[in-house]
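For reference, upload_17.pdb (PDB, C-alpha atoms):
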MODEL        1
ATOM      1  CA  MET A   1      27.281 -30.637 -28.790
ATOM      2  CA  THR A   2      25.277 -31.739 -25.756
ATOM      3  CA  GLU A   3      21.530 -31.478 -25.481
ATOM      4  CA  ASN A   4      21.962 -28.947 -22.663
ATOM      5  CA  ASN A   5      24.143 -26.708 -24.842
ATOM      6  CA  THR A   6      21.652 -26.946 -27.710
ATOM      7  CA  THR A   7      18.842 -25.948 -25.371
ATOM      8  CA  SER A   8      20.866 -23.067 -23.965
ATOM      9  CA  GLU A   9      21.598 -21.663 -27.431
ATOM     10  CA  LYS A  10      17.888 -21.659 -28.218
ATOM     11  CA  LYS A  11      17.150 -19.866 -24.945
ATOM     12  CA  ALA A  12      19.804 -17.156 -25.423
ATOM     13  CA  TYR A  13      17.311 -14.345 -24.853
ATOM     14  CA  TYR A  14      17.097 -15.195 -21.139
ATOM     15  CA  ILE A  15      20.529 -16.767 -20.671
ATOM     16  CA  VAL A  16      23.896 -15.000 -20.440
ATOM     17  CA  THR A  17      27.399 -16.467 -20.451
ATOM     18  CA  ASN A  18      30.393 -15.178 -18.477
ATOM     19  CA  GLU A  19      34.031 -15.172 -19.576
ATOM     20  CA  GLN A  20      34.552 -18.654 -18.140
ATOM     21  CA  GLY A  21      31.713 -20.059 -20.236
ATOM     22  CA  GLU A  22      29.267 -20.423 -17.325
ATOM     23  CA  GLU A  23      25.640 -19.788 -18.214
ATOM     24  CA  PHE A  24      23.183 -17.918 -15.999
ATOM     25  CA  LEU A  25      19.483 -17.137 -16.152
ATOM     26  CA  LEU A  26      18.555 -13.474 -16.432
ATOM     27  CA  PRO A  27      16.013 -12.825 -13.646
ATOM     28  CA  TYR A  28      14.011 -10.380 -15.783
ATOM     29  CA  TYR A  29      11.153 -12.702 -16.718
ATOM     30  CA  SER A  30       8.321 -14.135 -14.649
ATOM     31  CA  GLU A  31       9.704 -17.681 -14.523
ATOM     32  CA  THR A  32      13.381 -16.821 -14.024
ATOM     33  CA  PHE A  33      12.365 -14.276 -11.364
ATOM     34  CA  ARG A  34      10.696 -17.088  -9.449
ATOM     35  CA  VAL A  35      13.863 -19.198  -9.727
ATOM     36  CA  LEU A  36      15.776 -16.387  -8.028
ATOM     37  CA  MET A  37      13.116 -15.758  -5.387
ATOM     38  CA  ASP A  38      12.540 -19.397  -4.437
ATOM     39  CA  ASP A  39      14.232 -19.031  -1.055
ATOM     40  CA  LYS A  40      13.020 -17.683   2.288
ATOM     41  CA  ASP A  41      16.278 -15.936   3.168
ATOM     42  CA  THR A  42      16.414 -14.172  -0.206
ATOM     43  CA  ILE A  43      12.847 -12.875   0.099
ATOM     44  CA  ARG A  44      13.388 -11.824   3.719
ATOM     45  CA  ASP A  45      16.623  -9.995   2.874
ATOM     46  CA  ILE A  46      15.117  -8.208  -0.144
ATOM     47  CA  LEU A  47      12.058  -7.127   1.844
ATOM     48  CA  ASN A  48      14.113  -5.853   4.792
ATOM     49  CA  CYS A  49      16.292  -3.872   2.352
ATOM     50  CA  LEU A  50      13.506  -2.351   0.277
ATOM     51  CA  LEU A  51      11.416  -1.489   3.335
ATOM     52  CA  GLY A  52      14.414  -0.057   5.202
ATOM     53  CA  LEU A  53      13.537  -2.046   8.318
ATOM     54  CA  ASP A  54      15.850  -1.733  11.307
ATOM     55  CA  HIS A  55      16.807  -4.587  13.636
ATOM     56  CA  ASP A  56      13.774  -4.075  15.900
ATOM     57  CA  HIS A  57      11.278  -4.230  13.018
ATOM     58  CA  GLU A  58      12.916  -6.508  10.471
ATOM     59  CA  ILE A  59      11.180  -9.593   9.134
ATOM     60  CA  ILE A  60      12.441 -12.721  10.876
ATOM     61  CA  ASP A  61      10.365 -15.541   9.432
ATOM     62  CA  LEU A  62       7.890 -15.844   6.606
ATOM     63  CA  ASP A  63       6.021 -18.093   4.204
ATOM     64  CA  TYR A  64       5.729 -17.428   0.492
ATOM     65  CA  GLU A  65       3.768 -18.606  -2.492
ATOM     66  CA  PHE A  66       4.260 -17.974  -6.211
ATOM     67  CA  GLU A  67       1.386 -16.863  -8.448
ATOM     68  CA  LYS A  68      -0.952 -16.647  -5.487
ATOM     69  CA  PRO A  69      -4.505 -16.807  -6.880
ATOM     70  CA  ILE A  70      -6.790 -14.162  -5.407
ATOM     71  CA  ASP A  71     -10.233 -15.766  -5.330
ATOM     72  CA  VAL A  72     -12.385 -12.645  -5.277
ATOM     73  CA  PHE A  73     -14.516 -11.254  -8.079
ATOM     74  CA  MET A  74     -12.543 -10.591 -11.260
ATOM     75  CA  PRO A  75     -13.806  -9.443 -14.653
ATOM     76  CA  GLU A  76     -14.724 -12.473 -16.748
ATOM     77  CA  ASP A  77     -13.776 -14.848 -13.903
ATOM     78  CA  ASP A  78     -10.056 -14.410 -14.602
ATOM     79  CA  PHE A  79      -8.368 -14.671 -11.204
ATOM     80  CA  ALA A  80      -5.582 -12.236 -10.354
ATOM     81  CA  ARG A  81      -2.280 -13.957  -9.611
ATOM     82  CA  LEU A  82       0.305 -12.226  -7.452
ATOM     83  CA  ASP A  83       3.953 -12.903  -8.374
ATOM     84  CA  VAL A  84       5.312 -13.483  -4.869
ATOM     85  CA  TRP A  85       2.816 -13.517  -1.994
ATOM     86  CA  VAL A  86       4.529 -13.280   1.406
ATOM     87  CA  THR A  87       3.040 -13.812   4.860
ATOM     88  CA  THR A  88       5.163 -13.058   7.921
ATOM     89  CA  LYS A  89       4.840 -14.687  11.309
ATOM     90  CA  ASP A  90       3.730 -11.357  12.795
ATOM     91  CA  ASN A  91       0.849 -11.105  10.304
ATOM     92  CA  ARG A  92       2.211  -8.707   7.720
ATOM     93  CA  TYR A  93       1.407  -9.330   4.061
ATOM     94  CA  PHE A  94       3.538  -8.440   1.046
ATOM     95  CA  ASN A  95       3.268  -8.827  -2.687
ATOM     96  CA  ILE A  96       6.385  -8.519  -4.880
ATOM     97  CA  GLU A  97       5.662  -7.888  -8.559
ATOM     98  CA  LEU A  98       8.238  -7.830 -11.348
ATOM     99  CA  GLN A  99       7.054  -5.717 -14.289
ATOM    100  CA  ASN A 100       8.841  -5.533 -17.641
ATOM    101  CA  ARG A 101       6.381  -3.420 -19.617
ATOM    102  CA  SER A 102       4.573  -0.179 -19.090
ATOM    103  CA  HIS A 103       1.104   0.255 -20.558
ATOM    104  CA  PRO A 104      -1.814   2.729 -20.403
ATOM    105  CA  PHE A 105      -3.495   0.965 -17.488
ATOM    106  CA  PHE A 106      -0.414   0.141 -15.424
ATOM    107  CA  LEU A 107      -1.451   2.366 -12.507
ATOM    108  CA  ASP A 108      -4.946   0.863 -12.656
ATOM    109  CA  ARG A 109      -3.399  -2.600 -12.426
ATOM    110  CA  LEU A 110      -1.185  -1.518  -9.533
ATOM    111  CA  GLN A 111      -4.190  -0.303  -7.556
ATOM    112  CA  LEU A 112      -6.340  -3.288  -8.525
ATOM    113  CA  TYR A 113      -3.732  -5.791  -7.336
ATOM    114  CA  ASN A 114      -3.220  -3.841  -4.130
ATOM    115  CA  SER A 115      -6.969  -4.031  -3.500
ATOM    116  CA  TYR A 116      -6.953  -7.802  -3.994
ATOM    117  CA  GLN A 117      -3.931  -8.057  -1.744
ATOM    118  CA  THR A 118      -5.711  -6.098   0.997
ATOM    119  CA  LEU A 119      -8.749  -8.373   0.800
ATOM    120  CA  ARG A 120      -6.599 -11.511   0.857
ATOM    121  CA  GLY A 121      -4.564 -10.132   3.740
ATOM    122  CA  LYS A 122      -7.715  -9.472   5.753
ATOM    123  CA  TYR A 123      -8.979 -12.972   4.957
ATOM    124  CA  GLU A 124      -5.784 -14.620   6.181
ATOM    125  CA  TYR A 125      -5.443 -12.273   9.167
ATOM    126  CA  ASN A 126      -8.889 -13.272  10.465
ATOM    127  CA  ARG A 127      -7.845 -16.925  10.199
ATOM    128  CA  SER A 128      -4.464 -16.442  11.839
ATOM    129  CA  THR A 129      -3.588 -17.972  15.204
ATOM    130  CA  TYR A 130      -3.229 -14.457  16.621
ATOM    131  CA  PHE A 131      -6.810 -13.554  15.710
ATOM    132  CA  LYS A 132      -8.269 -16.904  16.720
ATOM    133  CA  LEU A 133      -6.754 -16.641  20.215
ATOM    134  CA  MET A 134      -8.791 -13.495  20.859
ATOM    135  CA  ASP A 135     -11.952 -13.969  22.853
ATOM    136  CA  GLU A 136     -15.280 -13.273  21.166
ATOM    137  CA  LYS A 137     -15.486  -9.684  22.406
ATOM    138  CA  GLU A 138     -11.973  -8.886  21.172
ATOM    139  CA  ARG A 139     -12.720 -10.326  17.746
ATOM    140  CA  LYS A 140     -15.787  -8.088  17.460
ATOM    141  CA  VAL A 141     -13.700  -5.057  18.416
ATOM    142  CA  HIS A 142     -11.134  -5.969  15.743
ATOM    143  CA  PHE A 143     -13.738  -6.753  13.093
ATOM    144  CA  TYR A 144     -12.637  -3.901  10.799
ATOM    145  CA  GLU A 145      -8.946  -4.046  11.634
ATOM    146  CA  LEU A 146      -6.708  -4.514   8.598
ATOM    147  CA  PRO A 147      -3.228  -6.003   8.765
ATOM    148  CA  GLU A 148      -0.220  -4.259   7.255
ATOM    149  CA  THR A 149      -0.062  -4.858   3.500
ATOM    150  CA  VAL A 150       2.700  -3.576   1.245
ATOM    151  CA  SER A 151       2.654  -3.850  -2.538
ATOM    152  CA  ILE A 152       6.169  -3.837  -4.048
ATOM    153  CA  TRP A 153       6.635  -3.173  -7.780
ATOM    154  CA  LEU A 154      10.017  -3.743  -9.418
ATOM    155  CA  CYS A 155       9.731  -1.934 -12.762
ATOM    156  CA  HIS A 156      12.047  -2.437 -15.738
ATOM    157  CA  PHE A 157      10.764   0.833 -17.196
ATOM    158  CA  SER A 158      10.746   4.462 -16.105
ATOM    159  CA  ILE A 159       7.848   5.196 -13.799
ATOM    160  CA  LEU A 160       9.030   7.805 -11.262
ATOM    161  CA  LYS A 161       8.745  11.433 -12.340
ATOM    162  CA  SER A 162      11.899  12.415 -10.501
ATOM    163  CA  LYS A 163      15.144  11.214 -12.088
ATOM    164  CA  ASP A 164      17.026  11.778  -8.806
ATOM    165  CA  ILE A 165      15.569   8.737  -7.030
ATOM    166  CA  PHE A 166      15.057   5.080  -7.881
ATOM    167  CA  LYS A 167      12.631   4.141  -5.102
ATOM    168  CA  ASP A 168       9.512   5.835  -3.802
ATOM    169  CA  THR A 169       6.692   5.072  -1.363
ATOM    170  CA  TRP A 170       3.124   5.788  -2.409
ATOM    171  CA  ALA A 171       0.267   6.016   0.080
ATOM    172  CA  VAL A 172      -2.983   7.891   0.749
ATOM    173  CA  TYR A 173      -2.444  11.486   1.889
ATOM    174  CA  SER A 174      -4.732  14.349   2.803
ATOM    175  CA  GLU A 175      -4.638  16.981   0.065
ATOM    176  CA  ASP A 176      -4.896  19.697   2.696
ATOM    177  CA  GLU A 177      -2.018  18.216   4.720
ATOM    178  CA  VAL A 178       0.178  18.048   1.626
ATOM    179  CA  ARG A 179      -0.666  21.641   0.717
ATOM    180  CA  ARG A 180       0.293  22.861   4.195
ATOM    181  CA  SER A 181       3.410  20.687   4.376
ATOM    182  CA  ASP A 182       6.745  22.470   4.838
ATOM    183  CA  SER A 183      10.121  21.932   6.486
ATOM    184  CA  THR A 184       8.572  21.942   9.964
ATOM    185  CA  HIS A 185       5.336  20.127   9.166
ATOM    186  CA  ARG A 186       5.647  17.110   6.878
ATOM    187  CA  ALA A 187       2.481  15.465   5.623
ATOM    188  CA  LEU A 188       2.083  11.871   6.798
ATOM    189  CA  PRO A 189      -0.048   9.106   5.251
ATOM    190  CA  ILE A 190      -3.604   8.943   6.521
ATOM    191  CA  PHE A 191      -3.395   5.145   6.592
ATOM    192  CA  SER A 192       0.149   3.849   7.028
ATOM    193  CA  LYS A 193      -0.757   0.127   6.995
ATOM    194  CA  ASN A 194      -1.304   0.055   3.242
ATOM    195  CA  ARG A 195       1.293   1.408   0.846
ATOM    196  CA  TYR A 196       3.229   0.814  -2.351
ATOM    197  CA  ILE A 197       6.989   0.597  -2.784
ATOM    198  CA  ILE A 198       7.855   1.550  -6.365
ATOM    199  CA  VAL A 199      11.331   0.722  -7.682
ATOM    200  CA  ASP A 200      12.396   2.353 -10.947
ATOM    201  CA  LEU A 201      15.161   0.017 -12.155
ATOM    202  CA  PRO A 202      16.299   2.246 -15.087
ATOM    203  CA  ASN A 203      16.818   5.079 -12.576
ATOM    204  CA  PHE A 204      18.717   2.702 -10.296
ATOM    205  CA  LYS A 205      21.092   1.784 -13.133
ATOM    206  CA  LYS A 206      21.836   5.466 -13.754
ATOM    207  CA  LEU A 207      22.198   6.487 -10.113
ATOM    208  CA  ARG A 208      24.018   3.534  -8.535
ATOM    209  CA  LYS A 209      27.113   2.420 -10.398
ATOM    210  CA  ASN A 210      28.713   0.635  -7.448
ATOM    211  CA  ILE A 211      27.452  -1.797  -4.827
ATOM    212  CA  SER A 212      27.584  -0.220  -1.381
ATOM    213  CA  SER A 213      24.680  -1.961   0.355
ATOM    214  CA  ARG A 214      22.677  -5.170   0.303
ATOM    215  CA  GLU A 215      19.864  -3.346  -1.474
ATOM    216  CA  ASP A 216      22.325  -2.279  -4.181
ATOM    217  CA  TYR A 217      23.334  -5.896  -4.717
ATOM    218  CA  TRP A 218      19.762  -7.151  -5.175
ATOM    219  CA  LEU A 219      18.679  -4.294  -7.432
ATOM    220  CA  LYS A 220      21.821  -4.571  -9.557
ATOM    221  CA  LEU A 221      21.176  -8.305  -9.957
ATOM    222  CA  LEU A 222      17.542  -7.629 -10.916
ATOM    223  CA  SER A 223      18.257  -4.709 -13.235
ATOM    224  CA  GLN A 224      21.512  -5.789 -14.892
ATOM    225  CA  GLY A 225      21.771  -9.533 -14.412
ATOM    226  CA  PRO A 226      24.113 -12.013 -12.708
ATOM    227  CA  LEU A 227      27.207 -11.044 -14.733
ATOM    228  CA  GLU A 228      27.180  -7.533 -13.246
ATOM    229  CA  VAL A 229      27.369  -8.571  -9.592
ATOM    230  CA  PRO A 230      30.420 -10.081  -7.865
ATOM    231  CA  GLU A 231      30.425 -13.596  -6.452
ATOM    232  CA  LEU A 232      30.541 -12.944  -2.719
ATOM    233  CA  LYS A 233      31.049 -15.250   0.262
ATOM    234  CA  ASP A 234      27.781 -14.128   1.835
ATOM    235  CA  PRO A 235      25.674 -17.338   1.822
ATOM    236  CA  ILE A 236      22.444 -15.599   0.750
ATOM    237  CA  PHE A 237      24.099 -13.904  -2.237
ATOM    238  CA  ARG A 238      26.075 -17.039  -3.093
ATOM    239  CA  ASP A 239      23.014 -19.274  -3.069
ATOM    240  CA  ALA A 240      21.022 -16.760  -5.123
ATOM    241  CA  LEU A 241      23.629 -16.823  -7.885
ATOM    242  CA  ASN A 242      23.809 -20.618  -7.731
ATOM    243  CA  ARG A 243      20.055 -20.860  -8.310
ATOM    244  CA  LEU A 244      20.530 -18.890 -11.529
ATOM    245  CA  ARG A 245      23.259 -21.214 -12.893
ATOM    246  CA  VAL A 246      21.957 -23.033 -15.951
ATOM    247  CA  SER A 247      24.164 -26.029 -15.124
ATOM    248  CA  ARG A 248      21.878 -26.929 -12.210
ATOM    249  CA  ILE A 249      18.749 -26.918 -14.402
ATOM    250  CA  SER A 250      17.808 -29.778 -16.708
ATOM    251  CA  PRO A 251      16.825 -29.156 -20.370
ATOM    252  CA  GLU A 252      13.294 -30.288 -19.473
ATOM    253  CA  GLN A 253      13.086 -27.645 -16.743
ATOM    254  CA  LEU A 254      14.420 -24.971 -19.108
ATOM    255  CA  LYS A 255      11.736 -25.870 -21.638
ATOM    256  CA  ALA A 256       9.066 -25.673 -18.936
ATOM    257  CA  LEU A 257      10.390 -22.252 -17.900
ATOM    258  CA  GLU A 258      10.169 -20.912 -21.444
ATOM    259  CA  GLU A 259       6.556 -21.987 -21.872
ATOM    260  CA  HIS A 260       5.481 -19.670 -19.040
ATOM    261  CA  MET A 261       8.052 -16.919 -19.480
ATOM    262  CA  PHE A 262       5.755 -14.000 -20.282
ATOM    263  CA  ASP A 263       2.737 -12.399 -18.617
ATOM    264  CA  LYS A 264      -0.282 -12.688 -20.908
ATOM    265  CA  HIS A 265      -1.990  -9.767 -19.150
ATOM    266  CA  ALA A 266       0.948  -7.507 -19.987
ATOM    267  CA  ASP A 267       0.725  -8.603 -23.625
ATOM    268  CA  GLU A 268      -2.982  -7.820 -23.642
ATOM    269  CA  ALA A 269      -2.244  -4.404 -22.128
ATOM    270  CA  ILE A 270       0.204  -3.660 -24.949
ATOM    271  CA  GLU A 271      -2.484  -4.590 -27.477
ATOM    272  CA  ALA A 272      -4.860  -2.239 -25.656
ATOM    273  CA  GLU A 273      -2.271   0.552 -25.876
ATOM    274  CA  ILE A 274      -1.948   0.080 -29.641
ATOM    275  CA  TRP A 275      -5.736   0.151 -30.008
ATOM    276  CA  LEU A 276      -6.089   3.290 -27.876
ATOM    277  CA  LYS A 277      -3.383   5.107 -29.848
ATOM    278  CA  ALA A 278      -5.046   4.152 -33.127
ATOM    279  CA  GLU A 279      -8.416   5.334 -31.813
ATOM    280  CA  ALA A 280      -6.922   8.641 -30.624
ATOM    281  CA  LYS A 281      -5.179   9.145 -33.971
ATOM    282  CA  GLY A 282      -8.478   8.525 -35.752
ATOM    283  CA  ARG A 283     -10.242  11.116 -33.588
ATOM    284  CA  GLU A 284      -7.429  13.615 -34.161
ATOM    285  CA  GLN A 285      -7.628  13.126 -37.928
ATOM    286  CA  GLU A 286     -11.405  13.517 -37.827
ATOM    287  CA  ARG A 287     -11.103  16.764 -35.831
ATOM    288  CA  ALA A 288      -8.527  18.106 -38.294
ATOM    289  CA  GLU A 289     -10.809  17.350 -41.258
ATOM    290  CA  ASN A 290     -13.801  18.928 -39.513
ATOM    291  CA  LYS A 291     -11.721  21.992 -38.660
ATOM    292  CA  VAL A 292     -10.707  22.466 -42.284
ATOM    293  CA  ASP A 293     -14.338  22.092 -43.424
ATOM    294  CA  THR A 294     -15.558  24.555 -40.789
ATOM    295  CA  GLU A 295     -12.897  27.124 -41.661
ATOM    296  CA  ALA A 296     -13.844  26.935 -45.341
ATOM    297  CA  VAL A 297     -17.511  27.575 -44.543
ATOM    298  CA  LEU A 298     -16.699  30.483 -42.195
ATOM    299  CA  ARG A 299     -14.354  32.107 -44.708
ATOM    300  CA  ALA A 300     -17.012  31.773 -47.400
ATOM    301  CA  LYS A 301     -19.267  33.826 -45.155
ATOM    302  CA  GLY A 302     -16.629  36.580 -45.059
ATOM    303  CA  LEU A 303     -15.705  36.301 -41.348
ATOM    304  CA  SER A 304     -12.340  37.628 -40.128
ATOM    305  CA  GLU A 305      -9.472  35.252 -39.244
ATOM    306  CA  SER A 306      -9.586  36.264 -35.565
ATOM    307  CA  LEU A 307     -13.314  35.498 -35.370
ATOM    308  CA  ILE A 308     -12.787  32.153 -37.161
ATOM    309  CA  THR A 309     -10.095  31.214 -34.633
ATOM    310  CA  GLU A 310     -12.397  32.161 -31.731
ATOM    311  CA  ILE A 311     -15.262  30.072 -33.131
ATOM    312  CA  GLN A 312     -12.971  27.078 -33.705
ATOM    313  CA  SER A 313     -11.767  27.276 -30.089
ATOM    314  CA  GLU A 314     -15.333  27.289 -28.808
ATOM    315  CA  LEU A 315     -16.252  24.313 -31.010
ATOM    316  CA  GLU A 316     -13.232  22.354 -29.775
ATOM    317  CA  ALA A 317     -14.186  23.076 -26.144
ATOM    318  CA  LEU A 318     -17.686  21.770 -26.830
ATOM    319  CA  ARG A 319     -16.268  18.588 -28.384
ATOM    320  CA  GLN A 320     -14.039  18.009 -25.368
ATOM    321  CA  ASN A 321     -16.963  18.465 -22.957
ATOM    322  CA  ARG A 322     -19.076  15.981 -24.894
ATOM    323  CA  HIS A 323     -16.200  13.468 -24.838
ATOM    324  CA  VAL A 324     -15.898  13.809 -21.034
ATOM    325  CA  GLU A 325     -19.663  13.403 -20.573
ATOM    326  CA  LYS A 326     -19.599  10.165 -22.573
TER     327      LYS A 326
ENDMDL
END
How would this structure read if it were set down as C-alpha cells?
Amino acid sequence: MTENNTTSEKKAYYIVTNEQGEEFLLPYYSETFRVLMDDKDTIRDILNCLLGLDHDHEIIDLDYEFEKPIDVFMPEDDFARLDVWVTTKDNRYFNIELQNRSHPFFLDRLQLYNSYQTLRGKYEYNRSTYFKLMDEKERKVHFYELPETVSIWLCHFSILKSKDIFKDTWAVYSEDEVRRSDSTHRALPIFSKNRYIIVDLPNFKKLRKNISSREDYWLKLLSQGPLEVPELKDPIFRDALNRLRVSRISPEQLKALEEHMFDKHADEAIEAEIWLKAEAKGREQERAENKVDTEAVLRAKGLSESLITEIQSELEALRQNRHVEK
C-alpha cells in the first residue's frame, strides 16, 4: 500500500472514489472549496451564472483572493476572513461564502460580513485607477459613492422559506412599496448596488435532477460532489474536475488541507446554539414550576379555574415584557 493510498483512506470523509478507482476531493469544506475555486475562469463562470448576467454585463476579467482579511474593527480583534474575495476590472466586488452549518446567528453573520465587504469595497474603489483618474472636483462629488458589492452564500442547509426555489436575491426594500406591490407594480430595491444571493443547496438537489445549464453543473458539483457530474469536454468544467483529483495532490498537501478543513467560527456558533437552547429550556422549566406554585396558591384561595387561567396569562405577559426590556 502506497503512502498516498494510506493518506487517502484516512481522509475518506472528504474524499470519494469512482467506479474506476479514481479519488476526488469533495468541495464541501473550506479547504477543498478553495481547491475548486482556485481558477479565474471558474470564478468568472460561476459568478456570471449565479448573477444571471447577459453578454453585455458579464464579468470579463477579475482578481481573487482566498480568506481575505477585513482589517476593520472586529470584536476582540478577531479579523473577519471572506472565503473568496473577487474584484473585477470594472470595479465590482464580490464575496463567495460556502456554509455547511446553520446556527442561531447565521443571518447576523451574513449581514456582518456584507457590511465588512461594503467597507472593503469602498476602500479599494477609492484606490482604483478609475477613481484616481478623476480630477479633484470629481473625487469630491463621488466621495459617498459606493461600488457594486454582492454577497453570495452557498448553503448546505435549508435557508429559504419557499421550497419551490433554490436561489433568491435579498436586498433593502421599502415596506410601503412591498405592501403596494402587485402584478402591475413590482417593488424594487431601494439600493440595488448592495445585495445578497442566497443559494439553498438542499432545495437545488430536490428541484434539479438533471443538468440543463452551466449553473446546474456548478451547483450539482457543489451540492453532490464530483461523482454526480459528467466529465465534459468544456475546458472550464474539465479543469475544475482535474483540480479535485487526489492523484494530483501530494500526501503533504492533503495533510495541510485537513488541518484547516473546518471553520472555527461555525463551530463556536454551534456551541452558542447549544448554550442558548439549554438556557431557554432552563427558563421554560422555571416558568412551569412557578406556574404550578402559583396555581396551587390561587386554588387554595378558592378562585375559579377560569379566573386562575386569566391571572396566569397576565403573569406570563408581564414576564415576557420584562424579558424584552432586559
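The spacing separating CA of Arg120 (chain A) from CA of Ile46 (chain A) amounts to 22.0 Å.
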Nearest residue to Leu98 (chain A) out of A:Ala300, A:Cys155, A:Ile211, A:Leu47, using all atoms listed in the file?
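Using all atoms listed in the file, Leu98 (chain A) sits closest to A:Cys155.
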Atom pair CA of Gly21 (chain A) / CA of Leu244 (chain A): separation (Å)
14.2 Å
Please determine, counting only C-alpha atoms, which residue among A:Leu257, A:Val246, A:Leu307, A:Ile159 has the shortest atom-to-atom distance to Arg34 (chain A).
A:Leu257
From A:Glu97, A:Glu295, A:Asp135, A:Glu58, residue lying nearest Arg109 (chain A) [all atoms listed in the file]:
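Answer, going by the shortest atom-to-atom distance: A:Glu97.
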With distances taken over all atoms listed in the file, which of A:Leu36, A:Leu232, A:Leu50, A:Met134 is nearest to Val150 (chain A)?
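Ranking A:Leu36, A:Leu232, A:Leu50, A:Met134 by distance to Val150 (chain A), first place goes to A:Leu50.
Among the candidates A:Glu136, A:Lys89, A:Thr184, A:Gln117, the one nearest to Tyr196 (chain A) when counting all atoms listed in the file is A:Gln117.
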Give as a PyMOL selection string the residues that the PyMOL selection byres ((chain A and resi 32) around 10) matches when applied to the coordinates above.
chain A and resi 14-15+25-31+33-38+243-244+254+257-258+260-261
Output C-alpha atoms of each residue in that selection to a file, as a compact mmCIF listing (two decimals), keeping the file's coordinate frame.
# COMPACT_ATOMS: atom_id res chain seq x y z
CA TYR A 14 17.10 -15.20 -21.14
CA ILE A 15 20.53 -16.77 -20.67
CA LEU A 25 19.48 -17.14 -16.15
CA LEU A 26 18.56 -13.47 -16.43
CA PRO A 27 16.01 -12.82 -13.65
CA TYR A 28 14.01 -10.38 -15.78
CA TYR A 29 11.15 -12.70 -16.72
CA SER A 30 8.32 -14.14 -14.65
CA GLU A 31 9.70 -17.68 -14.52
CA PHE A 33 12.36 -14.28 -11.36
CA ARG A 34 10.70 -17.09 -9.45
CA VAL A 35 13.86 -19.20 -9.73
CA LEU A 36 15.78 -16.39 -8.03
CA MET A 37 13.12 -15.76 -5.39
CA ASP A 38 12.54 -19.40 -4.44
CA ARG A 243 20.06 -20.86 -8.31
CA LEU A 244 20.53 -18.89 -11.53
CA LEU A 254 14.42 -24.97 -19.11
CA LEU A 257 10.39 -22.25 -17.90
CA GLU A 258 10.17 -20.91 -21.44
CA HIS A 260 5.48 -19.67 -19.04
CA MET A 261 8.05 -16.92 -19.48
From (8.2, -5.4, -11.2), in the file's coordinates, out to 8 Å: which residues are reached, counting all atoms listed in the file? Answer as a CSV table (one decimal) with C-alpha atoms, in the coordinates of the input.
chain,number,residue,atom,x,y,z
A,96,ILE,CA,6.4,-8.5,-4.9
A,97,GLU,CA,5.7,-7.9,-8.6
A,98,LEU,CA,8.2,-7.8,-11.3
A,99,GLN,CA,7.1,-5.7,-14.3
A,100,ASN,CA,8.8,-5.5,-17.6
A,152,ILE,CA,6.2,-3.8,-4.0
A,153,TRP,CA,6.6,-3.2,-7.8
A,154,LEU,CA,10.0,-3.7,-9.4
A,155,CYS,CA,9.7,-1.9,-12.8
A,156,HIS,CA,12.0,-2.4,-15.7
A,199,VAL,CA,11.3,0.7,-7.7
Could you tell me how far CA of Ile60 (chain A) lies from CA of Phe94 (chain A), in Å and to one decimal?
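If I compute the distance from CA of Ile60 (chain A) to CA of Phe94 (chain A), I get 13.9 Å.
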Using only C-alpha atoms, which of A:Leu201, A:Val178, A:Leu107, A:Leu276 sits nearest Lys163 (chain A)?
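Counting only C-alpha atoms, the residue closest to Lys163 (chain A) is A:Leu201.
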Run the PyMOL selection byres ((chain A and resi 16) around 10) against the file shown and list the residues it catches, as a list in words.
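Answer for the PyMOL selection byres ((chain A and resi 16) around 10): Ser8, Glu9, Lys11, Ala12, Tyr13, Tyr14, Ile15, Thr17, Asn18, Gly21, Glu22, Glu23, Phe24, Leu25, Leu26, Gly225, Pro226, Leu227, Arg245 and Val246 of chain A.
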Applying the PyMOL selection byres ((chain A and resi 230) around 12) to the file I just gave you, which residues come out? Please list them as an MDAnalysis selection string.
chainID A and resid 18 210:211 216:218 220:221 225:229 231:234 237:238 240:241
Got a sec to check which residues sit within 10 Å of (16.5, 9.0, -9.2), counting all atoms listed in the file, and write them as a list in words?
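Looking at atoms near the point gives Leu160, Lys161, Ser162, Lys163, Asp164, Ile165, Phe166, Lys167, Asp168, Val199, Asp200, Leu201, Pro202, Asn203, Phe204, Lys205, Lys206, Leu207 and Arg208 of chain A.
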